[in-house]
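Scroll down for the structure; my scribbles are underneath it.
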Amino acid sequence: MIDEKVKETMKNLEKNNMKSYYAESIDEVLPIVKSLLNKGESISHGGSKTLKQTGVISLLSSGDYDYIDRTGLDGEELRQAYIRAFGCDTFFCSANAVTQNGELYNVDGNSNRVACIVYGPKQVITIVGVNKIVPDIDEAVKRVKQISAPMNTKRLNMNTPCNKTGECISL
């Protein structure tokens, strides 16, 4: 059952020209995703635990799509993967936060996700858990500094103050 916070967020996403879907459970995510894709189209994604947890990464690598996977690439190969992702048919990502006003809030280490959201792919699909819904931009900034950025720096084994202290703050 969709709670009022989620309903309001979805309504406001629609007002901001972003179609929204609701999955009651993680098992309902892939059928929605499959309905938005065409076999053979080029697909890529940003780094995201959400995409792994929902099974989207496994779906993309199933062989039904022209999957642009940057895993393990470096140098010129990585650069070419980024360029291909920028012009792909569908780009997947998650968000650091989504406001109840229907705004996506993202902070990127190398800007590939933000660049693709803003301009490039024909379609961008953002998969977001209700845990990422916040009241407003101020709370989105706070969520990034206190939750998502520290988790990402730890996951990526980055040698940053944010990783060491567990909170990203600016003076």
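Just so we're on the same page: first chain in the structure tokens is A, next is B, and so on; residues restart at 1 for each chain, and ligands are numbered from 1 in the order they show up.
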Please report as CSV every residue of region 13-70 of chain A lying within 10 Å of region 103-111 of chain A, along with the nearest atom pair and their distance in Å (one decimal), using only C-alpha atoms.
```
residue,atom,partner,partner_atom,distance
A:Leu13,CA,A:Glu103,CA,6.9
A:Asn16,CA,A:Glu103,CA,7.8
A:Met18,CA,A:Glu103,CA,9.5
A:Gly46,CA,A:Ser111,CA,9.4
A:Gly47,CA,A:Asp108,CA,9.7
```
Write a file of the just-selected residues containing N, CA, C and O atoms, as a PDB file, in the first residue's frame.
```
ATOM      1  N   LEU A  13       6.548  14.332  -8.986  1.00  0.00           N
ATOM      2  CA  LEU A  13       7.443  13.893 -10.062  1.00  0.00           C
ATOM      3  C   LEU A  13       6.731  14.019 -11.408  1.00  0.00           C
ATOM      4  O   LEU A  13       7.302  14.517 -12.379  1.00  0.00           O
ATOM      5  N   ASN A  16       6.579  17.418 -12.650  1.00  0.00           N
ATOM      6  CA  ASN A  16       7.896  17.811 -13.158  1.00  0.00           C
ATOM      7  C   ASN A  16       8.316  16.983 -14.372  1.00  0.00           C
ATOM      8  O   ASN A  16       9.511  16.854 -14.665  1.00  0.00           O
ATOM      9  N   MET A  18       8.232  13.735 -14.982  1.00  0.00           N
ATOM     10  CA  MET A  18       8.902  12.450 -14.760  1.00  0.00           C
ATOM     11  C   MET A  18       7.833  11.411 -14.434  1.00  0.00           C
ATOM     12  O   MET A  18       7.148  11.510 -13.421  1.00  0.00           O
ATOM     13  N   GLY A  46      24.798   4.030 -14.186  1.00  0.00           N
ATOM     14  CA  GLY A  46      25.767   4.576 -13.257  1.00  0.00           C
ATOM     15  C   GLY A  46      26.041   3.547 -12.175  1.00  0.00           C
ATOM     16  O   GLY A  46      25.385   2.507 -12.104  1.00  0.00           O
ATOM     17  N   GLY A  47      27.000   3.838 -11.320  1.00  0.00           N
ATOM     18  CA  GLY A  47      27.270   2.952 -10.200  1.00  0.00           C
ATOM     19  C   GLY A  47      26.123   3.020  -9.207  1.00  0.00           C
ATOM     20  O   GLY A  47      25.675   4.113  -8.865  1.00  0.00           O
TER      21      GLY A  47
END
```
Find the residues around region 118-126 of chain A up to 9 Å (only C-alpha atoms counted), leave out those fewer than 6 positions away in its own chain, and share them as JSON, numbers by chain.
{"A": [33, 36, 43, 85, 86, 87, 88, 89, 90, 91, 92, 93, 94, 95]}
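Straight-line separation from CA of Leu51 (chain A) to CA of Glu8 (chain A): 23.8 Å.
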- Query: Could you pull out the helix (DSSP H, G or I) residues of region 21-138 of chain A from DSSP and send them as an MDAnalysis selection string?
  - Reply: chainID A and resid 26:35 49:53 56:60 75:86 112:118 130:132 137:138
*asked:* For region 63-74 of chain A, find every residue with an atom within 9 Å (counting only C-alpha atoms), except residues of its own chain fewer than 5 positions away, and show them as a list in words.
replied: Leu37, Asn38, Lys39, Gly40, Glu41, Ser42, Ile43, Ser44, His45, Arg79, Ala81, Tyr82, Arg84, Ala85 and Cys88 of chain A
Check your understanding: Can you tell me how far CA of Arg113 (chain A) sits from CA of Ser48 (chain A), in Å to one decimal?
Key ->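 Straight-line distance from CA of Arg113 (chain A) to CA of Ser48 (chain A) works out to 10.0 Å.
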**Request:** Just the strand (DSSP E) stuff from chain A, please, per backbone DSSP, written as number ranges by chain.
**Result:** A: 42-45, 66-67, 90-93, 97-99, 104-105, 123-126, 133-134
Pairwise distance, CA of Asn12 (chain A) with CA of Val114 (chain A), equals 20.3 Å
Residues near region 155-162 of chain A, cut-off 12 Å, only C-alpha atoms, skip fewer than 4 positions along chain, as a PyMOL selection string | chain A and resi 47-49+109+144-151+166-170
Write the residues of the preceding selection, restricted to all heavy atoms, as a compact mmCIF listing (two decimals), in the first residue's frame.
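Contents of the output file part-v3.txt:
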```
# COMPACT_ATOMS: atom_id res chain seq x y z
N GLY A 47 27.00 3.84 -11.32
CA GLY A 47 27.27 2.95 -10.20
C GLY A 47 26.12 3.02 -9.21
O GLY A 47 25.67 4.11 -8.87
N SER A 48 25.61 1.87 -8.78
CA SER A 48 24.46 1.89 -7.90
C SER A 48 24.27 0.55 -7.21
O SER A 48 24.15 -0.48 -7.87
CB SER A 48 23.20 2.22 -8.71
OG SER A 48 22.04 2.01 -7.95
N LYS A 49 24.21 0.59 -5.89
CA LYS A 49 23.86 -0.63 -5.16
C LYS A 49 22.40 -0.98 -5.39
O LYS A 49 22.03 -2.15 -5.43
CB LYS A 49 24.12 -0.43 -3.66
CG LYS A 49 25.61 -0.50 -3.30
CD LYS A 49 25.81 -0.55 -1.82
CE LYS A 49 25.41 -1.93 -1.33
NZ LYS A 49 25.81 -2.21 0.05
N GLY A 109 30.79 11.52 -8.20
CA GLY A 109 32.24 11.62 -8.14
C GLY A 109 32.84 12.02 -9.47
O GLY A 109 33.74 12.84 -9.54
N VAL A 144 22.72 13.34 1.65
CA VAL A 144 23.96 13.04 0.92
C VAL A 144 25.15 13.11 1.85
O VAL A 144 26.00 12.22 1.86
CB VAL A 144 24.13 13.98 -0.29
CG1 VAL A 144 25.55 13.89 -0.86
CG2 VAL A 144 23.11 13.65 -1.36
N LYS A 145 25.24 14.17 2.63
CA LYS A 145 26.40 14.36 3.50
C LYS A 145 26.48 13.34 4.63
O LYS A 145 27.56 12.95 5.05
CB LYS A 145 26.39 15.78 4.09
CG LYS A 145 26.71 16.84 3.06
CD LYS A 145 26.72 18.21 3.68
CE LYS A 145 27.10 19.27 2.66
NZ LYS A 145 27.20 20.59 3.27
N GLN A 146 25.32 12.90 5.13
CA GLN A 146 25.31 12.02 6.29
C GLN A 146 25.11 10.54 5.97
O GLN A 146 25.46 9.69 6.77
CB GLN A 146 24.24 12.48 7.28
CG GLN A 146 24.53 13.83 7.88
CD GLN A 146 23.46 14.29 8.85
OE1 GLN A 146 22.38 13.71 8.96
NE2 GLN A 146 23.75 15.35 9.57
N ILE A 147 24.51 10.25 4.80
CA ILE A 147 24.20 8.85 4.51
C ILE A 147 24.83 8.37 3.20
O ILE A 147 25.71 7.50 3.21
CB ILE A 147 22.66 8.63 4.47
CG1 ILE A 147 22.06 8.95 5.84
CG2 ILE A 147 22.34 7.20 4.07
CD1 ILE A 147 20.55 8.97 5.88
N SER A 148 24.40 8.92 2.07
CA SER A 148 24.82 8.32 0.79
C SER A 148 26.29 8.52 0.47
O SER A 148 26.96 7.57 0.04
CB SER A 148 23.93 8.81 -0.37
OG SER A 148 24.00 10.19 -0.52
N ALA A 149 26.83 9.71 0.66
CA ALA A 149 28.26 9.92 0.34
C ALA A 149 29.16 9.09 1.25
O ALA A 149 30.08 8.43 0.75
CB ALA A 149 28.62 11.39 0.40
N PRO A 150 28.93 9.07 2.57
CA PRO A 150 29.78 8.22 3.40
C PRO A 150 29.70 6.73 3.00
O PRO A 150 30.72 6.04 2.95
CB PRO A 150 29.25 8.43 4.81
CG PRO A 150 28.64 9.79 4.78
CD PRO A 150 28.05 9.92 3.40
N MET A 151 28.49 6.26 2.67
CA MET A 151 28.34 4.86 2.25
C MET A 151 29.09 4.60 0.94
O MET A 151 29.75 3.57 0.79
CB MET A 151 26.85 4.51 2.08
CG MET A 151 26.13 4.31 3.38
SD MET A 151 24.33 4.08 3.22
CE MET A 151 24.18 2.97 1.87
N GLY A 166 32.87 9.23 8.51
CA GLY A 166 31.50 8.76 8.38
C GLY A 166 30.50 9.86 8.08
O GLY A 166 29.29 9.63 8.06
N GLU A 167 31.01 11.07 7.84
CA GLU A 167 30.12 12.18 7.49
C GLU A 167 30.90 13.14 6.60
O GLU A 167 32.05 13.42 6.83
CB GLU A 167 29.66 12.89 8.75
CG GLU A 167 28.68 14.01 8.48
CD GLU A 167 28.11 14.63 9.75
OE1 GLU A 167 28.87 14.82 10.71
OE2 GLU A 167 26.92 14.92 9.74
N CYS A 168 30.21 13.64 5.58
CA CYS A 168 30.83 14.60 4.68
C CYS A 168 30.30 15.98 5.04
O CYS A 168 29.11 16.23 4.98
CB CYS A 168 30.47 14.28 3.23
SG CYS A 168 30.97 12.63 2.75
N ILE A 169 31.21 16.83 5.44
CA ILE A 169 30.79 18.17 5.85
C ILE A 169 31.62 19.21 5.09
O ILE A 169 32.73 18.94 4.66
CB ILE A 169 30.95 18.40 7.38
CG1 ILE A 169 32.39 18.16 7.82
CG2 ILE A 169 30.01 17.51 8.14
CD1 ILE A 169 32.66 18.56 9.24
N SER A 170 31.04 20.37 4.92
CA SER A 170 31.79 21.46 4.32
C SER A 170 31.75 22.62 5.28
O SER A 170 30.80 22.85 5.99
CB SER A 170 31.19 21.85 2.97
OG SER A 170 29.84 22.20 3.12
```
Handout entry: Contacts of Thr54 (chain A) within 10 Å, only C-alpha atoms, excl. fewer than 5 positions in-chain, as JSON, numbers by chain
Key = {"A": [25, 26, 27, 28, 29, 30, 49, 59, 127]}
